[in-house]
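For reference, the structure is listed below as structure tokens.
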Amino acid sequence: MKAMICGLSWAALLLSSASLATNTTTNSSRDFVADNTFTQGVEGPVFYKQHLYAVNFAEQGTIGKVDSNGNAQLFIKLPNDSVGNGLQFDSQGNLYIADYVNHNILKVPANSQSVEVFAHNKTMNQPNDIAITKRGALFASDPNWVNSTGKLWRINADGSTQLLEDNMGTTNGVAVNNDNSKLYVNESVQRVIWQYDLDSDLNISNKQPLIKFADHGMDGMRVDNQGNLFVARYGAGVILKISPAGKVLQTYTLTGQHPTNVAFNAQQTKLFVTMQKRGAIEVIEL
């Protein structure tokens, strides 16, 4: 069942990010991985056991592994012409990959480099970004870029799929907060971030707009331990830190203009940012 949208006027949402901001801008990013180490399809950063992982290392259809010094190497090449986008690790060390080419969620079991199909649904457009919950269930955005529409899915821990919402805008970034009580989904073309409540069974309700922008797109998002949302503003060359109330707390200016996704280190003292066009990864000291 679709979540209900609250009766908030869209006119009230058409506020620029500047009017909501605290005017705190930080130019704190530096290069972590050099230009063209990854392809322009670099995406899906995720941190696990002192290493950063991201898709499309050196060529499409791969996953790269980066050490603490920024040295990258091939972790795995995906089979069947699959190309990954979003990545997530569960608490057991299993790696999940949104494979947008073959409409799959792939799984690389812990301590392995074998690849298996964890979930598949032929009605998916192309699973794009994924967020993982404490119990191992995933949420997946599913955009149709040609039609500027999208879907939202839940992939349960047993690999079964459930369509949570259809006929959305161009769904892209997706994130859950630390206690799994809130889900965030953005629509890149429509430039809005939606906030949902999650119940104990991970069902969505109380859909509300968190913030809407007048320009530039959005891509990947992550929530920190305080419940603040870090959002890649594609084309704007910034990362925004947004409070749970929808207020822009801080703007981090990047070297490149096309951030695709973000990931924290384990201590949440650093934010890694994958950069399309550059094929690089930048890092922000938080």
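For the structure tokens, the naming scheme is as follows: chains receive sequential letters (A, B, ...) according to their order of presentation, residues are indexed from 1 within each chain, and ligands are indexed from 1 in presentation order.
Within the 6 Å cut-off around range 281-283 of chain A, using only C-alpha atoms and omitting residues fewer than 4 positions from it on the same chain, the listed residues are A:Ser29, A:Arg30, A:Asp31, A:Phe32, A:Val33, A:Leu271, A:Phe272, A:Val273, A:Thr274, A:Met275.
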To test your reading of the structure, identify every residue in range 151-209 of chain A that backbone DSSP assigns to strand (DSSP E or B), and report it as an NGL selection string. :A and (151-155 or 161-168 or 171-176 or 182-187 or 192-198 or 204-209)
Contact residues around Tyr252 in chain A with only C-alpha atoms at 12 Å, ignoring same-chain residues under 3 positions, as number ranges by chain: A: 23-30, 230-233, 236-242, 248-249, 255-257, 259, 271-273, 282-286
For range 183-197 of chain A: contacts at 7 Å, only C-alpha atoms, fewer than 5 positions along chain excluded, given as a ChimeraX atom specification: /A:148,169-177,204-213,217-219
In Å and to one decimal, CA of Ser91 in chain A is distant from CA of Glu165 in chain A by 27.1 Å
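Checking A:Gln226, A:Ile76, A:Thr133, A:Pro244 one by one against Leu198 in chain A, counting only C-alpha atoms, you find the shortest gap at A:Thr133.
Excluding Ile130 in chain A itself and any same-chain residue fewer than 4 positions from it, the protein and nucleic acid residues within 9 Å of it, counting only C-alpha atoms, are Gly44, Asn85, Gly86, Leu87, Gln88, Tyr96, Ile97, Ala98, Leu138, Phe139, Ala140, Ser141, Gly173, Val174 and Ala175 of chain A.
Computed from the coordinates, the CA of Lys107 in chain A to CA of Asp201 in chain A distance equals 22.7 Å.
Distances from A:Val108, A:Ala214, A:Ile132, A:Ala119 to Ser160 in chain A were compared using only C-alpha atoms, and the smallest one belongs to A:Ala119.
Here CA of Ala245 in chain A and CA of Gly220 in chain A stand 19.1 Å from one another.
Proximity ranking of A:Leu52, A:Gly41, A:Leu74, A:Asn144 relative to Lys270 in chain A places A:Leu52 first, based on only C-alpha atoms.
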